[in-house]
>>> print(open('work35.cif').read())   # mmCIF, C-alpha atoms
data_data
loop_
_atom_site.label_atom_id
_atom_site.label_comp_id
_atom_site.auth_asym_id
_atom_site.auth_seq_id
_atom_site.Cartn_x
_atom_site.Cartn_y
_atom_site.Cartn_z
CA MET A 1 -44.38 -180.56 -37.58
CA ILE A 2 -41.95 -183.48 -37.81
CA GLN A 3 -39.87 -181.92 -35.03
CA ALA A 4 -42.98 -181.61 -32.84
CA ARG A 5 -43.84 -185.25 -33.51
CA ASN A 6 -40.29 -186.34 -32.63
CA ARG A 7 -40.39 -184.29 -29.45
CA LEU A 8 -43.69 -185.88 -28.43
CA ALA A 9 -42.36 -189.35 -29.26
CA ASP A 10 -39.26 -188.73 -27.10
CA GLN A 11 -41.39 -187.53 -24.21
CA LEU A 12 -43.71 -190.55 -24.46
CA LEU A 13 -40.65 -192.81 -24.58
CA ALA A 14 -39.29 -191.22 -21.38
CA ILE A 15 -42.64 -191.73 -19.64
CA ALA A 16 -42.78 -195.37 -20.79
CA ALA A 17 -39.22 -195.95 -19.52
CA LEU A 18 -40.18 -194.49 -16.13
CA MET A 19 -43.22 -196.81 -15.95
CA VAL A 20 -41.06 -199.85 -16.72
CA VAL A 21 -38.47 -198.93 -14.05
CA TRP A 22 -41.27 -198.31 -11.54
CA TRP A 23 -42.94 -201.61 -12.39
CA VAL A 24 -39.65 -203.57 -12.07
CA ILE A 25 -38.78 -201.99 -8.70
CA SER A 26 -42.29 -202.54 -7.31
CA PHE A 27 -42.12 -206.15 -8.50
CA ILE A 28 -38.77 -206.69 -6.72
CA VAL A 29 -39.84 -204.90 -3.51
CA SER A 30 -43.29 -206.47 -3.56
CA ASN A 31 -44.71 -204.27 -0.77
CA PRO A 32 -48.06 -202.37 -0.63
CA LEU A 33 -46.05 -199.23 0.28
CA LEU A 34 -44.71 -199.28 -3.30
CA PRO A 35 -47.62 -200.36 -5.49
CA SER A 36 -47.06 -201.23 -9.16
CA PRO A 37 -48.40 -199.04 -12.02
CA VAL A 38 -51.17 -201.63 -12.46
CA ASP A 39 -52.23 -201.22 -8.79
CA VAL A 40 -52.30 -197.45 -9.24
CA LEU A 41 -54.40 -197.74 -12.40
CA SER A 42 -56.75 -199.99 -10.47
CA SER A 43 -57.03 -197.34 -7.74
CA ILE A 44 -57.82 -194.71 -10.37
CA ASN A 45 -60.57 -196.99 -11.65
CA THR A 46 -61.97 -197.48 -8.15
CA GLU A 47 -61.98 -193.74 -7.42
CA LEU A 48 -63.69 -193.15 -10.77
CA ASN A 49 -66.37 -195.78 -10.10
CA GLU A 50 -67.09 -194.38 -6.65
CA ASN A 51 -67.50 -190.85 -8.15
CA ARG A 52 -64.75 -189.34 -6.05
CA LEU A 53 -62.06 -188.77 -8.66
CA ILE A 54 -63.77 -186.34 -11.06
CA SER A 55 -65.49 -184.20 -8.42
CA ASN A 56 -62.29 -183.83 -6.37
CA VAL A 57 -60.09 -183.17 -9.39
CA LEU A 58 -62.60 -180.56 -10.62
CA ALA A 59 -62.64 -178.87 -7.19
CA THR A 60 -58.84 -178.65 -7.24
CA LEU A 61 -58.74 -177.51 -10.87
CA GLN A 62 -61.21 -174.74 -10.08
CA ARG A 63 -58.98 -173.49 -7.23
CA VAL A 64 -55.92 -173.71 -9.49
CA ALA A 65 -57.67 -171.77 -12.27
CA ILE A 66 -58.91 -168.98 -9.99
CA SER A 67 -55.58 -168.64 -8.16
CA PHE A 68 -53.60 -168.77 -11.38
CA THR A 69 -55.74 -166.10 -13.06
CA PHE A 70 -55.52 -163.67 -10.16
CA ALA A 71 -51.82 -164.32 -9.50
CA MET A 72 -50.97 -163.73 -13.18
CA LEU A 73 -53.15 -160.62 -13.46
CA LEU A 74 -52.00 -158.96 -10.24
CA GLY A 75 -48.40 -160.19 -10.37
CA GLY A 76 -48.11 -159.40 -14.08
CA THR A 77 -49.42 -155.85 -13.67
CA LEU A 78 -47.17 -155.23 -10.68
CA GLY A 79 -44.19 -156.73 -12.53
CA ILE A 80 -44.69 -154.55 -15.61
CA LEU A 81 -45.07 -151.41 -13.48
CA MET A 82 -41.98 -152.31 -11.43
CA GLY A 83 -39.98 -153.01 -14.59
CA ALA A 84 -41.04 -149.79 -16.29
CA VAL A 85 -41.06 -147.31 -13.39
CA PRO A 86 -37.97 -147.34 -11.13
CA ARG A 87 -39.76 -145.57 -8.28
CA ILE A 88 -42.54 -148.18 -8.13
CA ASN A 89 -39.84 -150.85 -8.20
CA ARG A 90 -38.01 -149.25 -5.26
CA PHE A 91 -41.25 -149.05 -3.26
CA PHE A 92 -42.50 -152.60 -3.84
CA ASP A 93 -39.14 -154.42 -3.92
CA PRO A 94 -38.92 -154.92 -0.11
CA PHE A 95 -42.48 -156.32 -0.07
CA LEU A 96 -41.59 -158.80 -2.79
CA ILE A 97 -38.46 -159.92 -0.94
CA ILE A 98 -40.49 -160.45 2.26
CA LEU A 99 -43.21 -162.39 0.41
CA LEU A 100 -40.66 -164.49 -1.49
CA ASN A 101 -39.02 -165.51 1.77
CA ILE A 102 -42.12 -166.31 3.85
CA PRO A 103 -42.72 -170.09 3.71
CA ALA A 104 -45.92 -170.97 1.81
CA LEU A 105 -47.14 -172.91 4.83
CA VAL A 106 -46.92 -169.85 7.11
CA ILE A 107 -49.13 -167.79 4.74
CA ILE A 108 -51.67 -170.62 4.49
CA ILE A 109 -51.84 -171.15 8.27
CA LEU A 110 -52.07 -167.41 9.02
CA LEU A 111 -54.92 -166.88 6.53
CA TYR A 112 -56.83 -169.89 7.91
CA ILE A 113 -56.39 -168.56 11.46
CA TRP A 114 -57.41 -165.00 10.55
CA PHE A 115 -60.30 -165.75 8.16
CA GLY A 116 -61.31 -169.30 9.10
CA LEU A 117 -61.29 -172.45 6.98
CA VAL A 118 -63.11 -170.82 4.09
CA GLU A 119 -62.68 -170.93 0.31
CA VAL A 120 -61.60 -167.29 0.02
CA ALA A 121 -58.79 -167.79 2.53
CA ALA A 122 -57.63 -170.92 0.70
CA VAL A 123 -57.51 -169.24 -2.70
CA ALA A 124 -56.02 -166.01 -1.30
CA ALA A 125 -53.23 -168.01 0.33
CA VAL A 126 -52.32 -169.54 -3.02
CA ILE A 127 -52.44 -166.16 -4.80
CA ILE A 128 -50.24 -164.49 -2.18
CA ASN A 129 -47.73 -167.33 -2.46
CA LYS A 130 -47.50 -167.15 -6.25
CA LEU A 131 -47.85 -163.41 -6.87
CA PRO A 132 -44.25 -162.42 -5.98
CA ASN A 133 -42.79 -165.06 -8.33
CA VAL A 134 -44.89 -163.76 -11.22
CA ALA A 135 -44.03 -160.12 -10.44
CA VAL A 136 -40.29 -160.82 -10.28
CA THR A 137 -40.30 -162.74 -13.58
CA ILE A 138 -42.41 -160.19 -15.47
CA ARG A 139 -40.39 -157.31 -13.97
CA GLU A 140 -37.29 -158.59 -15.76
CA GLY A 141 -39.24 -158.49 -19.05
CA GLY A 142 -40.42 -154.93 -18.31
CA ARG A 143 -36.83 -153.83 -17.67
CA LEU A 144 -35.69 -155.16 -21.02
CA PHE A 145 -38.20 -153.28 -23.21
CA ASP A 146 -36.36 -152.10 -26.32
CA SER A 147 -36.07 -148.32 -25.93
CA LYS A 148 -35.22 -147.87 -29.63
CA LEU A 149 -38.46 -149.55 -30.68
CA ASN A 150 -40.29 -147.36 -28.15
CA GLU A 151 -38.78 -144.27 -29.79
CA MET A 152 -39.85 -145.55 -33.19
CA ALA A 153 -43.39 -146.22 -31.96
CA ASN A 154 -43.66 -142.71 -30.47
CA LEU A 155 -42.33 -141.08 -33.62
CA TYR A 156 -44.67 -143.08 -35.85
CA LYS A 157 -47.60 -142.20 -33.56
CA PHE A 158 -48.60 -145.72 -32.49
CA SER A 159 -51.85 -145.63 -30.53
CA PHE A 160 -51.82 -146.96 -26.95
CA SER A 161 -53.62 -150.15 -28.01
CA GLN A 162 -51.11 -150.66 -30.87
CA LYS A 163 -48.26 -150.28 -28.39
CA ILE A 164 -49.80 -152.87 -26.07
CA ALA A 165 -50.58 -155.42 -28.81
CA HIS A 166 -47.63 -154.98 -31.16
CA LEU A 167 -44.81 -153.48 -29.11
CA TRP A 168 -45.00 -154.42 -25.42
CA TRP A 169 -46.90 -157.73 -25.36
CA PRO A 170 -44.53 -159.53 -27.79
CA GLN A 171 -41.58 -158.39 -25.67
CA ILE A 172 -43.13 -159.49 -22.38
CA PHE A 173 -44.52 -162.75 -23.80
CA PRO A 174 -41.45 -165.00 -23.19
CA TYR A 175 -41.42 -163.86 -19.54
CA PHE A 176 -45.16 -164.40 -19.34
CA MET A 177 -44.66 -167.98 -20.54
CA VAL A 178 -41.93 -168.60 -17.95
CA ALA A 179 -44.23 -167.23 -15.24
CA THR A 180 -47.14 -169.32 -16.58
CA ARG A 181 -45.19 -172.59 -16.60
CA GLY A 182 -43.64 -171.92 -13.19
CA GLY A 183 -47.01 -170.71 -11.97
CA LEU A 184 -48.94 -173.81 -12.94
CA ALA A 185 -46.31 -176.10 -11.45
CA LEU A 186 -46.17 -174.18 -8.16
CA ILE A 187 -49.83 -173.29 -7.80
CA TRP A 188 -51.23 -176.79 -8.00
CA LYS A 189 -48.73 -177.97 -5.38
CA ILE A 190 -49.74 -175.15 -3.02
CA VAL A 191 -53.43 -175.79 -3.70
CA LEU A 192 -52.95 -179.40 -2.52
CA VAL A 193 -51.38 -178.18 0.76
CA VAL A 194 -54.23 -175.68 1.22
CA GLU A 195 -56.79 -178.44 0.67
CA LEU A 196 -54.96 -180.84 2.93
CA LEU A 197 -54.94 -178.30 5.78
CA GLY A 198 -58.38 -176.79 5.56
CA ARG A 199 -60.79 -177.96 2.87
CA SER A 200 -63.23 -180.85 2.74
CA ASP A 201 -62.87 -181.62 -0.95
CA GLY A 202 -60.21 -181.61 -3.66
CA VAL A 203 -57.21 -183.77 -4.44
CA GLY A 204 -55.33 -182.48 -1.38
CA PHE A 205 -58.19 -183.56 0.91
CA GLN A 206 -58.26 -187.05 -0.68
CA LEU A 207 -54.48 -187.33 -0.27
CA HIS A 208 -54.92 -186.47 3.40
CA LEU A 209 -57.49 -189.28 3.82
CA ALA A 210 -55.28 -191.77 1.97
CA PHE A 211 -52.27 -190.73 4.07
CA GLN A 212 -54.18 -191.57 7.27
CA MET A 213 -54.77 -195.10 5.89
CA PHE A 214 -51.21 -195.43 4.45
CA ASP A 215 -52.98 -196.03 1.13
CA VAL A 216 -50.03 -195.29 -1.16
CA SER A 217 -51.85 -196.59 -4.22
CA THR A 218 -54.61 -193.95 -3.90
CA ILE A 219 -52.03 -191.25 -3.15
CA LEU A 220 -50.20 -192.12 -6.37
CA ALA A 221 -53.49 -192.46 -8.27
CA TYR A 222 -54.55 -188.86 -7.52
CA SER A 223 -51.02 -187.56 -8.12
CA LEU A 224 -50.82 -189.33 -11.46
CA VAL A 225 -54.16 -187.97 -12.64
CA PHE A 226 -53.25 -184.42 -11.70
CA ILE A 227 -49.77 -184.61 -13.22
CA SER A 228 -51.38 -185.93 -16.42
CA ILE A 229 -53.80 -183.00 -16.53
CA VAL A 230 -50.99 -180.46 -16.11
CA GLN A 231 -49.00 -182.26 -18.81
CA VAL A 232 -51.98 -182.14 -21.18
CA ILE A 233 -52.30 -178.37 -20.53
CA GLU A 234 -48.59 -178.04 -21.36
CA TRP A 235 -48.87 -180.06 -24.58
CA CYS A 236 -52.22 -178.79 -25.84
CA ILE A 237 -52.20 -175.14 -24.78
CA LEU A 238 -48.81 -173.80 -23.66
CA GLN A 239 -46.49 -175.42 -26.20
CA PRO A 240 -48.61 -174.54 -29.30
CA LEU A 241 -49.03 -170.98 -27.97
CA ASP A 242 -45.29 -170.67 -27.40
CA HIS A 243 -44.53 -172.20 -30.80
CA LYS A 244 -46.84 -169.78 -32.61
CA ALA A 245 -45.54 -166.72 -30.79
CA GLN A 246 -41.88 -167.55 -31.37
CA ARG A 247 -42.11 -168.43 -35.06
CA TRP A 248 -40.51 -165.14 -36.13
CA GLN A 249 -37.28 -166.31 -34.47
CA ARG A 250 -37.09 -169.44 -36.59
CA VAL A 251 -37.04 -167.81 -40.02
CA GLN A 252 -34.10 -168.15 -42.39
CA ARG A 253 -32.54 -165.17 -44.12
CA VAL A 254 -33.27 -164.91 -47.89
CA MET B 1 -39.22 -122.69 -45.38
CA TYR B 2 -38.36 -124.84 -42.36
CA LYS B 3 -35.94 -123.50 -39.76
CA PHE B 4 -34.43 -125.27 -36.78
CA VAL B 5 -32.13 -123.55 -34.29
CA ILE B 6 -29.95 -124.93 -31.50
CA ASN B 7 -27.87 -122.57 -29.38
CA LYS B 8 -26.29 -125.26 -27.26
CA LEU B 9 -26.94 -128.95 -26.64
CA LYS B 10 -25.20 -130.65 -23.75
CA PHE B 11 -25.10 -134.37 -23.07
CA ALA B 12 -23.65 -135.58 -19.76
CA GLU B 13 -22.24 -132.08 -19.14
CA LYS B 14 -20.40 -132.12 -22.49
CA VAL B 15 -21.33 -129.66 -25.24
CA VAL B 16 -22.24 -131.82 -28.24
CA LEU B 17 -23.74 -129.21 -30.58
CA LYS B 18 -23.34 -125.43 -30.59
CA ASP B 19 -24.82 -122.64 -32.73
CA ILE B 20 -26.60 -124.81 -35.27
CA GLN B 21 -29.08 -123.33 -37.70
CA VAL B 22 -30.75 -125.59 -40.24
CA GLU B 23 -32.79 -124.02 -43.01
CA LEU B 24 -34.43 -125.76 -45.94
CA ASP B 25 -37.28 -125.15 -48.34
CA LYS B 26 -40.17 -127.46 -49.16
CA GLY B 27 -39.01 -130.25 -51.44
CA GLU B 28 -35.34 -129.49 -50.82
CA THR B 29 -32.71 -132.05 -49.81
CA LEU B 30 -30.15 -131.07 -47.19
CA CYS B 31 -27.18 -133.33 -46.54
CA ILE B 32 -25.44 -133.02 -43.19
CA LEU B 33 -21.88 -134.17 -43.62
CA GLY B 34 -19.36 -134.79 -40.89
CA PRO B 35 -17.02 -137.29 -39.29
CA SER B 36 -18.24 -139.99 -36.90
CA GLY B 37 -19.02 -138.69 -33.42
CA CYS B 38 -19.55 -135.05 -34.43
CA GLY B 39 -23.21 -135.09 -33.36
CA LYS B 40 -25.02 -135.76 -36.66
CA THR B 41 -27.34 -138.42 -35.24
CA THR B 42 -27.90 -136.36 -32.09
CA LEU B 43 -28.98 -133.43 -34.26
CA LEU B 44 -31.49 -135.62 -36.13
CA ASN B 45 -32.79 -137.04 -32.84
CA VAL B 46 -33.37 -133.54 -31.46
CA MET B 47 -35.12 -132.53 -34.67
CA ALA B 48 -37.35 -135.60 -34.38
CA GLY B 49 -38.03 -134.83 -30.71
CA ILE B 50 -36.72 -138.14 -29.39
CA ASN B 51 -33.63 -136.97 -27.57
CA GLN B 52 -35.02 -136.51 -24.07
CA THR B 53 -31.85 -136.92 -22.05
CA SER B 54 -29.85 -133.99 -23.36
CA ASP B 55 -29.78 -130.44 -22.01
CA PHE B 56 -30.96 -128.36 -24.96
CA SER B 57 -31.21 -124.60 -25.46
CA GLY B 58 -32.48 -122.92 -28.60
CA SER B 59 -35.76 -122.23 -30.32
CA GLY B 60 -36.00 -125.65 -32.04
CA TRP B 61 -38.41 -125.63 -34.96
CA GLN B 62 -39.65 -122.16 -35.70
CA GLY B 63 -43.42 -122.02 -35.84
CA GLN B 64 -45.46 -125.21 -35.95
CA PRO B 65 -43.08 -128.25 -35.88
CA PRO B 66 -43.40 -130.11 -39.21
CA ASP B 67 -44.61 -133.72 -39.51
CA ILE B 68 -41.48 -135.83 -39.46
CA ALA B 69 -40.65 -139.39 -40.45
CA TYR B 70 -37.29 -140.84 -39.52
CA LEU B 71 -35.28 -143.52 -41.29
CA PHE B 72 -33.08 -144.69 -38.43
CA GLN B 73 -29.66 -146.16 -39.05
CA GLU B 74 -30.97 -149.51 -37.77
CA PRO B 75 -34.28 -150.22 -39.56
CA ARG B 76 -36.20 -150.60 -36.23
CA LEU B 77 -38.88 -152.84 -37.69
CA LEU B 78 -40.87 -154.91 -35.21
CA PRO B 79 -39.14 -158.30 -35.53
CA TRP B 80 -42.25 -160.26 -34.45
CA ARG B 81 -44.45 -158.75 -37.17
CA THR B 82 -44.21 -159.42 -40.92
CA VAL B 83 -43.29 -156.69 -43.39
CA LEU B 84 -46.97 -156.13 -44.20
CA GLN B 85 -48.01 -156.07 -40.53
CA ASN B 86 -45.23 -153.57 -39.75
CA LEU B 87 -46.40 -151.27 -42.50
CA CYS B 88 -50.13 -151.68 -41.84
CA LEU B 89 -49.57 -150.31 -38.33
CA ILE B 90 -48.82 -146.98 -40.03
CA GLU B 91 -51.24 -147.26 -42.99
CA PRO B 92 -54.13 -149.76 -42.77
CA ASN B 93 -54.81 -149.42 -46.51
CA THR B 94 -53.01 -152.51 -47.86
CA LYS B 95 -53.38 -151.35 -51.47
CA LYS B 96 -51.32 -148.23 -50.73
CA VAL B 97 -48.79 -150.34 -48.80
CA PHE B 98 -48.39 -152.76 -51.72
CA GLU B 99 -47.99 -149.88 -54.19
CA LEU B 100 -45.02 -148.55 -52.25
CA LEU B 101 -43.61 -152.03 -51.62
CA HIS B 102 -43.77 -152.60 -55.37
CA LYS B 103 -41.86 -149.36 -55.97
CA VAL B 104 -39.01 -150.58 -53.76
CA GLY B 105 -39.18 -154.10 -55.27
CA LEU B 106 -40.35 -155.86 -52.12
CA ASP B 107 -44.01 -156.67 -52.81
CA GLN B 108 -43.03 -160.37 -52.97
CA TYR B 109 -41.73 -160.15 -49.41
CA ALA B 110 -44.83 -158.76 -47.69
CA ASP B 111 -45.34 -161.91 -45.60
CA TYR B 112 -41.70 -162.24 -44.56
CA TYR B 113 -40.46 -161.49 -41.06
CA PRO B 114 -37.70 -158.83 -40.89
CA ALA B 115 -35.20 -161.46 -39.68
CA ALA B 116 -35.58 -163.18 -43.05
CA LEU B 117 -34.54 -160.05 -44.97
CA SER B 118 -31.09 -158.63 -45.69
CA LEU B 119 -30.14 -155.27 -44.15
CA GLY B 120 -30.67 -153.54 -47.51
CA MET B 121 -34.18 -154.98 -47.79
CA GLU B 122 -35.01 -154.01 -44.19
CA ARG B 123 -33.87 -150.44 -44.94
CA ARG B 124 -36.16 -150.36 -47.98
CA VAL B 125 -39.09 -151.51 -45.82
CA ALA B 126 -38.21 -148.81 -43.29
CA LEU B 127 -38.12 -146.29 -46.16
CA VAL B 128 -41.63 -147.34 -47.20
CA ARG B 129 -42.74 -146.90 -43.58
CA CYS B 130 -41.37 -143.34 -43.65
CA LEU B 131 -43.31 -142.48 -46.79
CA LEU B 132 -46.55 -144.04 -45.51
CA LEU B 133 -46.58 -141.48 -42.74
CA SER B 134 -46.89 -138.74 -45.42
CA PRO B 135 -44.44 -136.48 -43.59
CA GLU B 136 -43.38 -132.99 -44.53
CA ILE B 137 -39.75 -133.83 -43.74
CA VAL B 138 -37.98 -137.19 -43.92
CA LEU B 139 -34.89 -137.58 -41.74
CA MET B 140 -32.40 -140.21 -42.87
CA ASP B 141 -29.50 -141.31 -40.72
CA GLU B 142 -26.69 -142.97 -42.66
CA ALA B 143 -29.23 -144.81 -44.84
CA LEU B 144 -26.46 -146.45 -46.87
CA ALA B 145 -24.15 -147.41 -44.00
CA SER B 146 -23.07 -151.07 -43.74
CA LEU B 147 -24.40 -151.89 -47.21
CA ASP B 148 -22.21 -153.43 -49.90
CA GLU B 149 -21.33 -151.30 -52.93
CA SER B 150 -24.07 -152.55 -55.29
CA THR B 151 -26.82 -152.50 -52.61
CA ALA B 152 -25.77 -148.97 -51.61
CA ALA B 153 -25.92 -147.82 -55.26
CA GLU B 154 -29.37 -149.40 -55.63
CA MET B 155 -30.60 -147.73 -52.42
CA ARG B 156 -29.14 -144.35 -53.50
CA LYS B 157 -30.99 -144.64 -56.80
CA LEU B 158 -34.18 -145.54 -54.95
CA ILE B 159 -33.90 -142.53 -52.63
CA LYS B 160 -33.36 -140.24 -55.63
CA GLN B 161 -36.36 -141.73 -57.38
CA LEU B 162 -38.56 -141.33 -54.30
CA ILE B 163 -37.46 -137.68 -54.00
CA CYS B 164 -38.62 -137.18 -57.60
CA ASP B 165 -41.90 -139.04 -56.94
CA HIS B 166 -42.69 -136.93 -53.85
CA PRO B 167 -41.65 -133.41 -54.88
CA GLY B 168 -43.22 -131.66 -51.88
CA LYS B 169 -41.28 -133.60 -49.27
CA SER B 170 -38.06 -132.25 -47.80
CA LEU B 171 -35.21 -134.56 -46.91
CA ILE B 172 -32.51 -134.14 -44.29
CA TYR B 173 -29.89 -136.75 -44.94
CA VAL B 174 -27.04 -137.41 -42.55
CA THR B 175 -23.91 -139.08 -43.87
CA HIS B 176 -20.14 -139.19 -43.56
CA ASP B 177 -19.83 -140.11 -47.25
CA LYS B 178 -19.16 -137.13 -49.57
CA ARG B 179 -20.40 -139.11 -52.59
CA ASP B 180 -23.88 -139.51 -51.06
CA ALA B 181 -23.96 -135.78 -50.35
CA GLN B 182 -22.90 -134.86 -53.89
CA GLU B 183 -25.46 -137.14 -55.51
CA LEU B 184 -28.47 -136.35 -53.34
CA ALA B 185 -28.13 -132.85 -51.89
CA ASP B 186 -29.50 -129.48 -52.94
CA GLN B 187 -27.45 -128.00 -50.13
CA ILE B 188 -24.74 -129.43 -47.87
CA MET B 189 -24.08 -128.58 -44.24
CA ILE B 190 -20.79 -129.63 -42.69
CA LEU B 191 -20.55 -130.44 -38.99
CA ASN B 192 -17.14 -130.45 -37.35
CA SER B 193 -16.05 -132.26 -34.19
CA HIS B 194 -15.20 -130.01 -31.21
#
>>> encode(input="work35.cif", output="C-alpha cells")
Amino acid sequence: MIQARNRLADQLLAIAALMVVWWVISFIVSNPLLPSPVDVLSSINTELNENRLISNVLATLQRVAISFTFAMLLGGTLGILMGAVPRINRFFDPFLIILLNIPALVIIILLYIWFGLVEVAAVAAVIINKLPNVAVTIREGGRLFDSKLNEMANLYKFSFSQKIAHLWWPQIFPYFMVATRGGLALIWKIVLVVELLGRSDGVGFQLHLAFQMFDVSTILAYSLVFISIVQVIEWCILQPLDHKAQRWQRVQRV
Amino acid sequence: MYKFVINKLKFAEKVVLKDIQVELDKGETLCILGPSGCGKTTLLNVMAGINQTSDFSGSGWQGQPPDIAYLFQEPRLLPWRTVLQNLCLIEPNTKKVFELLHKVGLDQYADYYPAALSLGMERRVALVRCLLLSPEIVLMDEALASLDESTAAEMRKLIKQLICDHPGKSLIYVTHDKRDAQELADQIMILNSH
C-alpha cells in the first residue's frame, strides 16, 4: 500500500515537473503556437461550456472500446491457437507479418475507399491494425505454457473449465496485460487518425478542425483530456488488476 | 493384483527400457531402485500414461488400468493458487482437505502460496493432493530427493504413516536410495542402466 502510494506520488511529481517546464518555456517563447498550461486549461473549459468536449470524447472512447474489445478477442484467440498448435502458427504467420508491415494509414484509406466513410469501416480499420500486435504478443504466452503443469492437470483430471481458469489463464495473463497496455496506447492513436480522415465527430475530428485554424491550444486541450483518461484507466483498472494477479510472485518463503 | 508389462520402450531411437514386468498386490509397496538415468522416471511416466513421445511396445496395464495419482519429483503445484485452492481443485470438500492437511502438519499453511513454502512442505502438499484423488495406486518419484536429512526422515515417516492409514492403496516408489527402499518396500525391483 505504501509502495503504491509512493509510486503514485512519484508519478504525480513527474507530471508536475513537466507542467512547470512547459509553463516556463511557453512563458519565454510567448507565442500562440506554444500556449501555456493555463491557456490549454482555458481551452478545455471553453470546449466544455460549448458542449463539444464530452460528446466528442465519448464518441472516441466508444470507438476505442469497441475496437479494443474485438482486437483483444480475435487477436487473443488467434494468438493462443498459434502458440499452442504449430500448424496453425505456420499457416497464419505470413498473414501476421504482412499485416504488421502494412502502414496503419494504408489500411484506413483502403477501407474508407472500399466501404465508404462509415462507422464500420472506421472501427474495422482500427481492429485490423491492432489485431496482429495482440496475436503476436499472446502467441509468445501460448508457446510458453508449462508442459509439466499440463501433464499434472491431465493426470489429476482437471475439467476443461478448470484448465482455462486455473492453468492457462494465469499463464497467459502477463502477456494479456502487455497486449492490453500496448493495445490501449496504439488503438486510441489510430482511432484519432481514422476520425481525422473520415468521421464527423470524435477527438480526431476536432483536432482536424483545430489544425485548420492553427489552434494549438485546442489541439493540446483535447490531447490532454484523452491522455488523462487513458492514464486514469491505467491507474484505476490495469494497475490494480495486475497487482492482484501477480501477488503470488511477491510472497516470502517461510 | 496389478500387472504392467513393457517389451521395449524407445526414446529418440534409443532403447530406454526393455522386458519390464511390474507386479504388485493391493496395498503393497514396490520400490524401484536404480542409478540415475536408468529409466525409473520414464517407467513411472509410462505407467501414468503421460509419456507420449516415446515409442512403446508391450501390453501396459493388464485389464482395466487402475486409478493413479502421481507424486512428481517437482511438486507441480499451481504457483498462482494457494495451498487450499490447489487442493480444492481435486476435492471441493474443504473439510476433507483440512483433515489431510492436518495429518501432514500443514493446516496452518492453507492460505499460503507454494512459493512461500519450503520444498519439503510443497512435497507434503503434493502428497495430500495424491491422496485426495483416492487412487488405487500412488506413484512416487524420488519423493525424498533434495531434502535435508531431518526433513527427509520426517517425510519418510509420513509416507509410512499414510501407507498404514490407507491400507488398500498400492504404492510404487522410485528411488536411488537403498535406505528408502529398505524402510518402505514390501518388494524391491532393481533397474540397471544399459
>>> closest_residue(input="work35.cif", among="A:Trp248, A:Trp168, A:Trp235, A:Tyr222", to="Thr46 (chain A)", atoms="only C-alpha atoms")
A:Tyr222
>>> atom_distance(input="work35.cif", atom1="CA of Ala181 (chain B)", atom2="CA of Pro75 (chain B)")
20.8 Å
>>> closest_residue(input="work35.cif", among="A:Asn51, A:Asn129, A:Gln162, A:Thr77", to="chain B", atoms="all atoms listed in the file")
A:Gln162
>>> residues_around(input="work35.cif", residues="Val125 (chain B)", least_positions_apart="5", cutoff="9 Å", atoms="only C-alpha atoms", output="list in words")
Pro75, Leu77, Val83, Asn86, Leu87, Leu101, Val104, Leu106, Pro114, Gly120 and Cys130 of chain B
>>> write_last_selection(input="work35.cif", atoms="C-alpha atoms", output="compact mmCIF listing (two decimals), in the frame of the given file")
# COMPACT_ATOMS: atom_id res chain seq x y z
CA PRO B 75 -34.28 -150.22 -39.56
CA LEU B 77 -38.88 -152.84 -37.69
CA VAL B 83 -43.29 -156.69 -43.39
CA ASN B 86 -45.23 -153.57 -39.75
CA LEU B 87 -46.40 -151.27 -42.50
CA LEU B 101 -43.61 -152.03 -51.62
CA VAL B 104 -39.01 -150.58 -53.76
CA LEU B 106 -40.35 -155.86 -52.12
CA PRO B 114 -37.70 -158.83 -40.89
CA GLY B 120 -30.67 -153.54 -47.51
CA CYS B 130 -41.37 -143.34 -43.65
>>> resolve_selection(input="work35.cif", expression="the PyMOL selection byres ((chain B and resi 35-45) around 6)", output="list in words")
Gly34, Val46, Met47, Ala48, Ile50, Asn51, His176, Asn192 and Ser193 of chain B
>>> interface_residues(input="work35.cif", of="chain B", to="chain A", cutoff="9 Å", atoms="only C-alpha atoms", output="JSON list (two decimals) with C-alpha atoms, keeping the file's coordinate frame")
[["chain", "number", "residue", "atom", "x", "y", "z"],
["B", 48, "ALA", "CA", -37.35, -135.60, -34.38],
["B", 49, "GLY", "CA", -38.03, -134.83, -30.71],
["B", 50, "ILE", "CA", -36.72, -138.14, -29.39],
["B", 68, "ILE", "CA", -41.48, -135.83, -39.46],
["B", 69, "ALA", "CA", -40.65, -139.39, -40.45],
["B", 70, "TYR", "CA", -37.29, -140.84, -39.52],
["B", 72, "PHE", "CA", -33.08, -144.69, -38.43],
["B", 76, "ARG", "CA", -36.20, -150.60, -36.23],
["B", 77, "LEU", "CA", -38.88, -152.84, -37.69],
["B", 78, "LEU", "CA", -40.87, -154.91, -35.21],
["B", 79, "PRO", "CA", -39.14, -158.30, -35.53],
["B", 80, "TRP", "CA", -42.25, -160.26, -34.45],
["B", 81, "ARG", "CA", -44.45, -158.75, -37.17],
["B", 82, "THR", "CA", -44.21, -159.42, -40.92],
["B", 89, "LEU", "CA", -49.57, -150.31, -38.33],
["B", 90, "ILE", "CA", -48.82, -146.98, -40.03],
["B", 112, "TYR", "CA", -41.70, -162.24, -44.56],
["B", 113, "TYR", "CA", -40.46, -161.49, -41.06],
["B", 114, "PRO", "CA", -37.70, -158.83, -40.89],
["B", 115, "ALA", "CA", -35.20, -161.46, -39.68],
["B", 116, "ALA", "CA", -35.58, -163.18, -43.05],
["B", 117, "LEU", "CA", -34.54, -160.05, -44.97],
["B", 118, "SER", "CA", -31.09, -158.63, -45.69],
["B", 129, "ARG", "CA", -42.74, -146.90, -43.58],
["B", 130, "CYS", "CA", -41.37, -143.34, -43.65],
["B", 133, "LEU", "CA", -46.58, -141.48, -42.74]]
>>> atom_distance(input="work35.cif", atom1="CA of Glu23 (chain B)", atom2="CA of Asp67 (chain B)")
15.7 Å
>>> atom_distance(input="work35.cif", atom1="CA of Ala135 (chain A)", atom2="CA of Leu78 (chain A)")
5.8 Å
>>> residues_around(input="work35.cif", residues="Gly183 (chain A)", least_positions_apart="2", cutoff="10 Å", atoms="all atoms listed in the file", output="list in words")
Val64, Ser67, Phe68, Thr69, Ala71, Met72, Lys130, Leu131, Asn133, Val134, Phe176, Met177, Val178, Ala179, Thr180, Arg181, Ala185, Leu186, Ile187, Trp188 and Lys189 of chain A
>>> closest_residue(input="work35.cif", among="B:Ile20, B:Leu71, B:Leu33, B:Leu184", to="Gly58 (chain B)", atoms="only C-alpha atoms")
B:Ile20
